[in-house]
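Okay, so here's the structure we're looking at.
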4 protein chains.
Amino acid sequence: MSQRVSKAGGNIKYALSANDAFIASVEAGETFVVECAINANDGTIRHLGQQLTDADVALPFVNGATGPIEVKGAKKGDMLKVEILDMELDTLGFTALWPGIGMFPDWVRQKEFGQITRVMEVKDGFVHWSDRLKLPVRPMIGVAGVAPVHGAVLTVDNGAHGGNLDVQEITSGNTVMFRVNHDGAHLFLGDCHAIQGDGEANGMGATEIAATLTVRVSLGKAPARLGHPRIETPTHICTLGCARPLEDAMRIAFQEMIYWLEDEYGIPATDGYMLLGQIAEARCTQVVNPKYTYICKVDKGILAELKG
Amino acid sequence: MSQRVSKAGGNIKYALSANDAFIASVEAGETFVVECAINANDGTIRHLGQQLTDADVALPFVNGATGPIEVKGAKKGDMLKVEILDMELDTLGFTALWPGIGMFPDWVRQKEFGQITRVMEVKDGFVHWSDRLKLPVRPMIGVAGVAPVHGAVLTVDNGAHGGNLDVQEITSGNTVMFRVNHDGAHLFLGDCHAIQGDGEANGMGATEIAATLTVRVSLGKAPARLGHPRIETPTHICTLGCARPLEDAMRIAFQEMIYWLEDEYGIPATDGYMLLGQIAEARCTQVVNPKYTYICKVDKGILAELKG
Amino acid sequence: MSQRVSKAGGNIKYALSANDAFIASVEAGETFVVECAINANDGTIRHLGQQLTDADVALPFVNGATGPIEVKGAKKGDMLKVEILDMELDTLGFTALWPGIGMFPDWVRQKEFGQITRVMEVKDGFVHWSDRLKLPVRPMIGVAGVAPVHGAVLTVDNGAHGGNLDVQEITSGNTVMFRVNHDGAHLFLGDCHAIQGDGEANGMGATEIAATLTVRVSLGKAPARLGHPRIETPTHICTLGCARPLEDAMRIAFQEMIYWLEDEYGIPATDGYMLLGQIAEARCTQVVNPKYTYICKVDKGILAELKG
Amino acid sequence: MSQRVSKAGGNIKYALSANDAFIASVEAGETFVVECAINANDGTIRHLGQQLTDADVALPFVNGATGPIEVKGAKKGDMLKVEILDMELDTLGFTALWPGIGMFPDWVRQKEFGQITRVMEVKDGFVHWSDRLKLPVRPMIGVAGVAPVHGAVLTVDNGAHGGNLDVQEITSGNTVMFRVNHDGAHLFLGDCHAIQGDGEANGMGATEIAATLTVRVSLGKAPARLGHPRIETPTHICTLGCARPLEDAMRIAFQEMIYWLEDEYGIPATDGYMLLGQIAEARCTQVVNPKYTYICKVDKGILAELKG
C-alpha cells in the first residue's frame, strides 16, 4: 500500500522555500498518494449556493500546496520527474469572481462584474454548472513545484521552480519535470481543478476542488539548458515559460523548446526556431497570477524519425 | 462554372481601403474562385535552395491580397459570411528568418539567427522540411478582410476589419464573418499557408504558398456587439482580438466571446466570464504582425442545450 | 513635542491589511514622527563592503513598513492626505543586484550580472558611490499606503491602496493622498531611498536607507473618481497608476488625470485627453515590483487661469 | 547663405528607404535649412475651427518627412550627428482625436471620445488652446532618421534607424545621432510639434505644425554598440529604445545607456546597471506609434569626474 501524504496538521503551505521541514519523505521510483486541499482553504466549501467571504480567502496566502516532500537522493542539478498516475476528485467545487483578480481586473472593467461564488457538484464525469449546462470533467493540478533557488515564493506565484502554473497538461498520464535547486527537491503539489479554460479568465478561475493524487517520482540529470518546468505527454513534448509581460512568458516557452529540440533531437537552433513557426502548439494557460504561464508543445509524431 | 478572380494584372493589393476600384463582383450566395499569390510577391519563389533578397521582400508592402471584390448588396452594418469550401495549394512553399521580424526580434536575440530562406516542396499531404522531417499539410488563409472604417490599412497589419489575421481556423469547412463597413464590403483574401504554428514564431513564419480558394459569400445582419471578426467551425464558435500589447488582444477575444454567449445563448455576461474560466480554448495565433491576433473558442457541444 | 511612532517591537509589517492591531493613533491635523527601517530588514546593513545573504533578504517578505497607524475619525470614503514635512536619513545605504529581480530579469540577461551588494555612505548631501562618483541625495519614501479594500497585500506589492509605489515625488514638501477603505485608514510608511532612478532598474534598486519622517495627516472627502493615489507638489498635480502590463499602468495614471482635470478644473474629458497629449509629464517610476507604477503630472501654472 | 531643402514638389516622403533618389546633397560640417510640412499633409490646415476629414488623413501614409538628403562621404558604419540649430514654426497648428489612434484605442474606451480636430494659433510663445488656456511653445522634431538597413519603413513607424520617434529632446540646441546604414545616410526630417506631452496621449497627438529647421550635420565613427539613436543635450546624454511591448522599449533604452556608460565613461556594465537604478531619468515619449519610444537620460554633471 502506498505512502499517503496527508493535508492535515499544518501540511498546507502558502510559500515554497527550502527552509521548511519536510512533511514526508519518498524514494526515487516510489509511488505515493498526496491529498490536496481545495483552494480557498480546505473545508471552506460546504454546500451549494454558498458565497465565500473575505475571511475565507486570505489573500495573498492562497493556493496552498501540500509539502514539502523530500525526494531522497535528489541533488542540486538533478531533474525531478513527477509522473501523475491518478487524480481522484472531491464532489463539490467552486469558481468565483473576486475583486482585483482576473483577466479583466478592476482597471479594465471588473467592477461591472462584482463578487460572486458559484459552488457546483462534480459527479458522473461532469461539473454541474446549471440545470442546462454540464461541463466535462478534465482534472488537472494547478500548483506543482520544488523549492526555488532563493528565498521563498508564494504558492500563488510561479517561476522557474514551478508553483502556480495552472497548466491543463499537468494531469493523469503525463509527467512534469523540474530542475532540483536544493537537496531533497522539496516537492509541493496542490490547487487542483476539475476543469480549467485557457487563460483562467476569471482568476479564481477554474473549478477549484480538493483531490487525492497518486504520483511516482524519479530522478535524472537535468539538461544543462532546462530553465523552466517541462511536461511530457503520450503525444507531445511541452515547455513552459513563467514571466510578465505576456510576450516574455511566450518567448521563454519557445526558447526552452528550441533548446530541447537542439539538445535531444539534434535540430540546430535556427532550424528549430523556423520549425516552431510551422508546428508549435502554444497558448497562455493563465493570465491571472503574478507571473503568467505560457506552454509550447510539439507533436512527438512529427519528430519521430529524428529520435535515435 | 464558377467565376474566377485572378491574381494577375494588378489585382494584388498591399493595403485594404474602400477607395480602390473593385476587381470583381459577386452575388450573395455565389460560389467563386480566388487566386492568391505567394507572400513574398508572386513568382518570387522558383526553386528549392533559393535565398530571397531584399528586392524580393519589399517591406512593408508584403502580404499582398487579392481584391477588393464587391459583394453586391452588402451594406454598412451587415455581416459578411465567407464560407471556405476548398483550398488548392501550389507545390513550392517557403519560410524564412528575416531581420527585424519574428518573436525574437533584433532587440532580443534574432541577430544570432541571421537571414535564411527555406524553400520546400509541398506534395502528398506533407511539407517536405528535410529528408527526415515531413510536416502534415494544414492549409489556411492568412489575410482575410474587408475595407476598414477609416483610411487604409496595410495588408501586413490587421484590426477589426480583419487583414493579416494568421489564424489556422480560417480554412476549408469553416466560415469567417466580418462587419461590413462600406457598401460592397470590399473583400480581400491572400497570404495562404501550407501549415502554421501558433505564434508564427519566425515571422515570415508559416509555410508561405500560393493557393486557389473556392469560397461562397452570404450576407446577414451584424450583431450589434460584433467588434472583431468571428469564425464558426463544425465544432466551435470562435472570436478574434487584434491589438497590442498581447494582453489586450486576449481581452478583446474574450470580451467578444462574452458578448456572443450573451446575445445568442442567453448567458449573462458575469456567468459568461466565469464560464470561460472553465471552457475557453484560446491562444495567440501570431505575435509577429503590427498587431497581434488572439483567438477564443468555445465547444458548441457543451452549449448545445442552451441553443433554441 | 511630536508623537514618535517607533519601528521597534514588531511594528514593521510585511503585508498591508485592515486586520492588524494599530501600533499608534494620531489625530487629523496632527504632526508626528515615523521611524522607517532600511529595506532589507532593519539592522541588516552594518558596514561598507558588506554583502547581503539570502538570510538577510527574506523574499517575498521585504519592503517592511511601519504601521498600521490609526488616523482617528477616518471613515471609508474619506481622502487621507499625508503631508511630508521632513525626512532625516541614516548614514549608510545600499543597493543590490539580486537574482530574479530587476528590469533585466533572469529570462532577459540578468544571469550575466550576478548577485552584488553595494553599501555606501550617505553624508554631506551625497551618496558616495565611489571615490570619483558622488550622487546627489534626493530622499523619498518608497512604501506609503492604507489598508486595501480586500484581504492583505504584501508591502512589496502595490495597488489602488498605495503600497510599494516607489515614486520620487513622495518626499518632503509634497502631499500624498489615498482613498480610505477602512475606518482609521491604517496608514503605513517605509522603504525610504536616498536617491532613486526612474524605473528603479536594478530592482533592489534605489539607495535603500533607514529614515525618520515627520508627517502631518488630514482628512477630506474623497473625489468620487479617485481610484489610485494622488500627489500634489508646489508646482504639479500628479496621478498614479499601478498595474501590469506597463501600458495599463500608464493608462490608469492618464485616466485618473483626465478625471481630476474634469472634476476640479472643469475640462471636459475629451479636451482633457487631448490636452494631456500636449502637456503631460509622465514616466514609469518602477518596473520591478509585482505591479508597475506610472506617474502622470500636470504643471499647475498652465492651469492657473482655470481654477476658481 | 545656407542651402534650403524645400518641401515642395514631391520632396515629402511617407516611407524611409535607401531606394529613393536624393532630393538634396550636403557636406559634412554644412549648415542648411529644411522645410517640414505639417502632419497631416501640407496645406491641409487652413483656418481655426476646421475639422479634418478622412481625405486629409491618408492613413497609413502620414507623418511625411522631407528627404532623403545625401550627406556626402557618409559610409555604412559611420555615425551621423545632426545638430539642431534653430526651429521656426508656422502660426497654425492642430491636434486631433482620430478613431483607432491613441493611448486609449477603440478596444479600451476611445469610442467615448469620438473624432475631433482642434486648430490653434501658435504665436507669442504660446499655443492658444482656448481663451483661458495657453500652453508654452516647446518646439520639437517628431520624425528624424536615416534609411533603414532593410527595405522601407513607413514614416509613421520607427526603429533603430530613427523615424517617428516623437522625442521632445530632438530640438534646438541638441544633437541627435544615428548609425549610418547606407552610403550617403539618406537623412529625413519632419513632423514638427509646437509642444508634445509624454506619451503623446491622443496620438495625433502633439500640436502638429509646419516648421523650418536649421541644422548642421557631421560624421564620426559609430560606437560598436550603438544600436538605436542617441541624443546629447547641454546637460544630458540620452539613449532611445523603439519596440513593443513597452517593457522592451524601456529595456533597449537602458541597455544602450549601459553600453554608453561602459564604452565612454569606463563604468563596468554591472555597475552601470546599478547606477541607473539611482540616476536614470527615463520616460516613454510616445505610446501611440507602431513601435513605442522610450528615452533614458543621465545627467552629465554627475559623471563629470569620470570623463577624461
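Within each chain, counting starts at residue 1; across the C-alpha cells, chains are named A, B, ... in the order shown, with ligands numbered 1 upward in that order.
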Practice prompt. Find the residues of chain D in contact range of chain B, meaning any atom within 6 Å when counting only C-alpha atoms, and list them as an MDAnalysis selection string.
Written response: chainID D and resid 58:59 151:152 245
Next, the residues of the selection above should be written as an mmCIF file, in the first residue's frame with N, CA and C atoms.
```
data_model
loop_
_atom_site.group_PDB
_atom_site.id
_atom_site.type_symbol
_atom_site.label_atom_id
_atom_site.label_comp_id
_atom_site.auth_asym_id
_atom_site.auth_seq_id
_atom_site.Cartn_x
_atom_site.Cartn_y
_atom_site.Cartn_z
ATOM 1 N N ALA D 58 -4.480 60.447 -44.843
ATOM 2 C CA ALA D 58 -4.442 59.264 -45.698
ATOM 3 C C ALA D 58 -3.680 58.136 -45.029
ATOM 4 N N LEU D 59 -4.251 57.621 -43.960
ATOM 5 C CA LEU D 59 -3.620 56.514 -43.242
ATOM 6 C C LEU D 59 -3.317 55.352 -44.186
ATOM 7 N N GLY D 151 14.869 47.220 -46.654
ATOM 8 C CA GLY D 151 13.573 47.614 -47.184
ATOM 9 C C GLY D 151 13.211 49.043 -46.839
ATOM 10 N N ALA D 152 11.926 49.257 -46.648
ATOM 11 C CA ALA D 152 11.413 50.574 -46.321
ATOM 12 C C ALA D 152 10.671 50.495 -44.996
ATOM 13 N N PRO D 245 6.582 45.053 -26.672
ATOM 14 C CA PRO D 245 5.758 45.867 -25.796
ATOM 15 C C PRO D 245 6.579 46.975 -25.139
#
```
| query | Got a sec: who's within 12 Å of Trp129 (chain C), counting only C-alpha atoms, leaving out chain neighbours fewer than 2 positions off, as a ChimeraX atom specification? | reply | /C:48-49,92-95,118-123,126-127,131-137,194-195,207 /D:267,271-272,274-275,278-279,302-303
For the selection you just gave me, I'd like the residues written to a file as a compact mmCIF listing (two decimals), in the first residue's frame, keeping N, CA and C atoms.
```txt
# COMPACT_ATOMS: atom_id res chain seq x y z
N LEU C 48 30.47 49.22 5.33
CA LEU C 48 30.85 49.28 3.92
C LEU C 48 31.45 47.94 3.50
N GLY C 49 31.19 47.56 2.29
CA GLY C 49 31.77 46.32 1.76
C GLY C 49 30.96 45.07 2.08
N LEU C 92 24.19 55.12 6.32
CA LEU C 92 24.61 54.02 5.45
C LEU C 92 23.41 53.56 4.64
N GLY C 93 23.61 53.45 3.33
CA GLY C 93 22.56 52.93 2.46
C GLY C 93 23.15 51.82 1.59
N PHE C 94 22.29 51.14 0.86
CA PHE C 94 22.82 50.11 -0.04
C PHE C 94 21.93 50.01 -1.27
N THR C 95 22.52 49.46 -2.32
CA THR C 95 21.77 48.99 -3.47
C THR C 95 22.33 47.62 -3.83
N ARG C 118 26.06 46.70 -2.73
CA ARG C 118 26.95 47.87 -2.66
C ARG C 118 26.47 48.75 -1.50
N VAL C 119 27.24 48.77 -0.39
CA VAL C 119 26.91 49.62 0.75
C VAL C 119 27.65 50.95 0.58
N MET C 120 26.94 52.05 0.82
CA MET C 120 27.51 53.37 0.55
C MET C 120 27.24 54.32 1.70
N GLU C 121 28.20 55.21 1.96
CA GLU C 121 27.97 56.29 2.91
C GLU C 121 27.06 57.35 2.30
N VAL C 122 26.18 57.85 3.15
CA VAL C 122 25.28 58.92 2.72
C VAL C 122 25.52 60.09 3.66
N LYS C 123 26.24 61.10 3.20
CA LYS C 123 26.58 62.24 4.05
C LYS C 123 26.89 63.46 3.18
N PHE C 126 25.40 63.81 -0.28
CA PHE C 126 25.72 62.92 -1.39
C PHE C 126 25.68 61.45 -0.97
N VAL C 127 25.33 60.62 -1.92
CA VAL C 127 25.54 59.18 -1.81
C VAL C 127 26.93 58.92 -2.40
N ASP C 131 35.07 56.62 -5.18
CA ASP C 131 35.98 57.76 -4.98
C ASP C 131 35.69 58.88 -5.97
N ARG C 132 35.28 58.51 -7.15
CA ARG C 132 35.15 59.51 -8.20
C ARG C 132 33.70 59.85 -8.53
N LEU C 133 32.78 59.18 -7.90
CA LEU C 133 31.39 59.38 -8.29
C LEU C 133 30.52 59.61 -7.05
N LYS C 134 29.93 60.80 -6.98
CA LYS C 134 29.01 61.13 -5.90
C LYS C 134 27.65 61.46 -6.49
N LEU C 135 26.62 60.92 -5.87
CA LEU C 135 25.26 61.15 -6.37
C LEU C 135 24.54 62.08 -5.41
N PRO C 136 23.84 63.07 -5.91
CA PRO C 136 23.12 63.98 -5.02
C PRO C 136 22.03 63.25 -4.23
N VAL C 137 21.91 63.52 -2.95
CA VAL C 137 20.83 62.93 -2.16
C VAL C 137 19.50 63.56 -2.55
N ALA C 194 17.61 57.16 -0.51
CA ALA C 194 18.40 58.38 -0.57
C ALA C 194 18.37 58.99 -1.97
N ILE C 195 18.24 58.12 -2.97
CA ILE C 195 18.04 58.56 -4.35
C ILE C 195 17.50 57.35 -5.12
N THR C 207 18.92 53.64 -3.58
CA THR C 207 19.79 53.60 -2.40
C THR C 207 18.90 53.45 -1.18
N ILE D 267 32.56 52.70 -16.99
CA ILE D 267 31.78 52.10 -15.91
C ILE D 267 31.40 50.67 -16.31
N ASP D 271 28.05 47.71 -12.73
CA ASP D 271 27.95 48.99 -12.03
C ASP D 271 26.99 49.94 -12.74
N GLY D 272 27.06 49.95 -14.05
CA GLY D 272 26.20 50.86 -14.81
C GLY D 272 24.72 50.55 -14.59
N MET D 274 23.42 49.10 -11.93
CA MET D 274 23.04 49.55 -10.58
C MET D 274 22.99 51.07 -10.52
N LEU D 275 23.89 51.72 -11.22
CA LEU D 275 23.92 53.18 -11.19
C LEU D 275 22.64 53.77 -11.80
N GLN D 278 19.84 54.42 -9.66
CA GLN D 278 19.91 55.62 -8.83
C GLN D 278 19.64 56.90 -9.63
N ILE D 279 20.15 56.97 -10.85
CA ILE D 279 20.20 58.28 -11.51
C ILE D 279 19.50 58.35 -12.87
N ILE D 302 26.77 64.69 -13.08
CA ILE D 302 27.10 63.62 -12.13
C ILE D 302 28.31 62.83 -12.61
N LEU D 303 28.43 62.69 -13.93
CA LEU D 303 29.50 61.87 -14.50
C LEU D 303 30.79 62.65 -14.72
```
Ala201 (chain D): which residues within 7 Å, counting only C-alpha atoms, same-chain residues fewer than 2 positions away excluded, as a count of residues only? 8
Neighbours of His193 (chain C) within 9 Å (only C-alpha atoms; same-chain residues fewer than 3 positions away dropped), as a PDB file with N, CA, C and O atoms, in the first residue's frame?
```pdb
ATOM      1  N   ILE C  38      15.433  50.215   7.302  1.00  0.00           N
ATOM      2  CA  ILE C  38      16.016  50.007   5.985  1.00  0.00           C
ATOM      3  C   ILE C  38      15.436  48.725   5.395  1.00  0.00           C
ATOM      4  O   ILE C  38      15.080  47.792   6.106  1.00  0.00           O
ATOM      5  N   LEU C  89      17.725  61.152   7.068  1.00  0.00           N
ATOM      6  CA  LEU C  89      18.250  59.860   6.604  1.00  0.00           C
ATOM      7  C   LEU C  89      19.353  59.332   7.504  1.00  0.00           C
ATOM      8  O   LEU C  89      20.094  60.100   8.123  1.00  0.00           O
ATOM      9  N   GLY C  93      23.608  53.450   3.327  1.00  0.00           N
ATOM     10  CA  GLY C  93      22.557  52.925   2.463  1.00  0.00           C
ATOM     11  C   GLY C  93      23.145  51.819   1.594  1.00  0.00           C
ATOM     12  O   GLY C  93      24.359  51.592   1.597  1.00  0.00           O
ATOM     13  N   VAL C 137      21.908  63.522  -2.950  1.00  0.00           N
ATOM     14  CA  VAL C 137      20.827  62.929  -2.158  1.00  0.00           C
ATOM     15  C   VAL C 137      19.498  63.563  -2.550  1.00  0.00           C
ATOM     16  O   VAL C 137      19.379  64.797  -2.583  1.00  0.00           O
ATOM     17  N   ARG C 138      18.545  62.699  -2.914  1.00  0.00           N
ATOM     18  CA  ARG C 138      17.169  63.141  -3.229  1.00  0.00           C
ATOM     19  C   ARG C 138      16.225  62.198  -2.498  1.00  0.00           C
ATOM     20  O   ARG C 138      15.711  61.242  -3.088  1.00  0.00           O
ATOM     21  N   PRO C 139      15.972  62.468  -1.222  1.00  0.00           N
ATOM     22  CA  PRO C 139      15.264  61.500  -0.375  1.00  0.00           C
ATOM     23  C   PRO C 139      13.827  61.288  -0.833  1.00  0.00           C
ATOM     24  O   PRO C 139      13.193  62.213  -1.356  1.00  0.00           O
ATOM     25  N   MET C 140      13.320  60.128  -0.603  1.00  0.00           N
ATOM     26  CA  MET C 140      11.930  59.797  -0.967  1.00  0.00           C
ATOM     27  C   MET C 140      11.466  58.587  -0.158  1.00  0.00           C
ATOM     28  O   MET C 140      12.261  57.838   0.379  1.00  0.00           O
ATOM     29  N   ILE C 141      10.153  58.416  -0.136  1.00  0.00           N
ATOM     30  CA  ILE C 141       9.526  57.315   0.589  1.00  0.00           C
ATOM     31  C   ILE C 141       9.007  56.311  -0.421  1.00  0.00           C
ATOM     32  O   ILE C 141       8.205  56.667  -1.294  1.00  0.00           O
ATOM     33  N   GLY C 142       9.458  55.043  -0.329  1.00  0.00           N
ATOM     34  CA  GLY C 142       9.065  54.037  -1.306  1.00  0.00           C
ATOM     35  C   GLY C 142       7.695  53.439  -1.044  1.00  0.00           C
ATOM     36  O   GLY C 142       6.901  53.245  -1.961  1.00  0.00           O
ATOM     37  N   ASP C 166       7.171  53.486  -4.906  1.00  0.00           N
ATOM     38  CA  ASP C 166       8.494  53.887  -5.403  1.00  0.00           C
ATOM     39  C   ASP C 166       8.405  55.070  -6.356  1.00  0.00           C
ATOM     40  O   ASP C 166       8.881  55.011  -7.494  1.00  0.00           O
ATOM     41  N   GLN C 168       9.341  59.107  -6.770  1.00  0.00           N
ATOM     42  CA  GLN C 168      10.254  60.110  -6.214  1.00  0.00           C
ATOM     43  C   GLN C 168       9.519  61.330  -5.661  1.00  0.00           C
ATOM     44  O   GLN C 168      10.054  62.023  -4.795  1.00  0.00           O
ATOM     45  N   GLN C 196      16.675  57.615  -6.120  1.00  0.00           N
ATOM     46  CA  GLN C 196      16.148  56.534  -6.965  1.00  0.00           C
ATOM     47  C   GLN C 196      16.057  57.008  -8.408  1.00  0.00           C
ATOM     48  O   GLN C 196      15.587  58.110  -8.682  1.00  0.00           O
ATOM     49  N   ALA C 206      17.007  51.293  -5.612  1.00  0.00           N
ATOM     50  CA  ALA C 206      17.382  52.638  -5.202  1.00  0.00           C
ATOM     51  C   ALA C 206      18.461  52.511  -4.121  1.00  0.00           C
ATOM     52  O   ALA C 206      18.894  51.412  -3.788  1.00  0.00           O
ATOM     53  N   THR C 207      18.918  53.639  -3.578  1.00  0.00           N
ATOM     54  CA  THR C 207      19.790  53.602  -2.402  1.00  0.00           C
ATOM     55  C   THR C 207      18.901  53.449  -1.176  1.00  0.00           C
ATOM     56  O   THR C 207      18.359  54.415  -0.643  1.00  0.00           O
ATOM     57  N   GLU C 208      18.724  52.204  -0.742  1.00  0.00           N
ATOM     58  CA  GLU C 208      17.840  51.850   0.372  1.00  0.00           C
ATOM     59  C   GLU C 208      18.458  52.359   1.673  1.00  0.00           C
ATOM     60  O   GLU C 208      19.654  52.164   1.912  1.00  0.00           O
ATOM     61  N   ILE C 209      17.628  52.935   2.528  1.00  0.00           N
ATOM     62  CA  ILE C 209      18.182  53.570   3.728  1.00  0.00           C
ATOM     63  C   ILE C 209      17.093  53.724   4.804  1.00  0.00           C
ATOM     64  O   ILE C 209      15.920  53.879   4.481  1.00  0.00           O
ATOM     65  N   ALA C 210      17.513  53.626   6.047  1.00  0.00           N
ATOM     66  CA  ALA C 210      16.597  53.919   7.148  1.00  0.00           C
ATOM     67  C   ALA C 210      16.382  55.429   7.228  1.00  0.00           C
ATOM     68  O   ALA C 210      17.275  56.215   6.891  1.00  0.00           O
ATOM     69  N   ALA C 211      15.199  55.835   7.685  1.00  0.00           N
ATOM     70  CA  ALA C 211      14.908  57.265   7.745  1.00  0.00           C
ATOM     71  C   ALA C 211      13.881  57.547   8.833  1.00  0.00           C
ATOM     72  O   ALA C 211      13.132  56.666   9.245  1.00  0.00           O
TER      73      ALA C 211
END
```
Query - Contacts of Gly162 (chain A) within 8 Å, only C-alpha atoms, excl. fewer than 4 positions in-chain, as a PyMOL selection string - result: chain A and resi 143-146+158+178+228-229
Give me the residues near Ala222 (chain B) as a count of residues only, where near means some atom within 6 Å (using only C-alpha atoms) and where sequence neighbours in that chain fewer than 4 positions away do not count. 3
- Query: Closest to Pro148 (chain A) among A:Thr31, A:Ser172, A:Asn181, A:Gln115, using only C-alpha atoms?
  - Reply: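 For Pro148 (chain A), the nearest of the candidates is A:Asn181.
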Which neighbours of Gly67 (chain C) fall inside 12 Å, counting only C-alpha atoms, when residues of the same chain fewer than 4 positions from it are skipped, and could you give them as a ChimeraX atom specification? /C:4-26,34-37,71,143-147,155,163,184-190
Could you please write out, as an MDAnalysis selection string, every residue of region 105-284 of chain B that DSSP assigns to strand (DSSP E)? chainID B and resid 116:123 126:128 134:136 140:145 152:154 158:159 162:164 175:179 187:193 204:208 211:221 230:232 236:243 281:284
**Between CA of Gly173 (chain D) and CA of Pro234 (chain D) - distance in Å to one decimal** =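 Separating CA of Pro234 (chain D) from CA of Gly173 (chain D) is a distance of 7.5 Å.
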In Å and to one decimal, CA of Cys192 (chain D) is distant from CA of Glu232 (chain D) by 19.0 Å
Quick check for you: according to DSSP on this backbone, which residues of region 86-296 of chain D are classed as helix (DSSP H, G or I)? Reply as number ranges by chain. D: 110-112, 246-265, 269-279
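Distances here use only C-alpha atoms; by that measure, the residue among A:Asn202, A:Thr239, A:Asn174, A:Asn164 closest to Gly114 (chain A) is A:Asn202.
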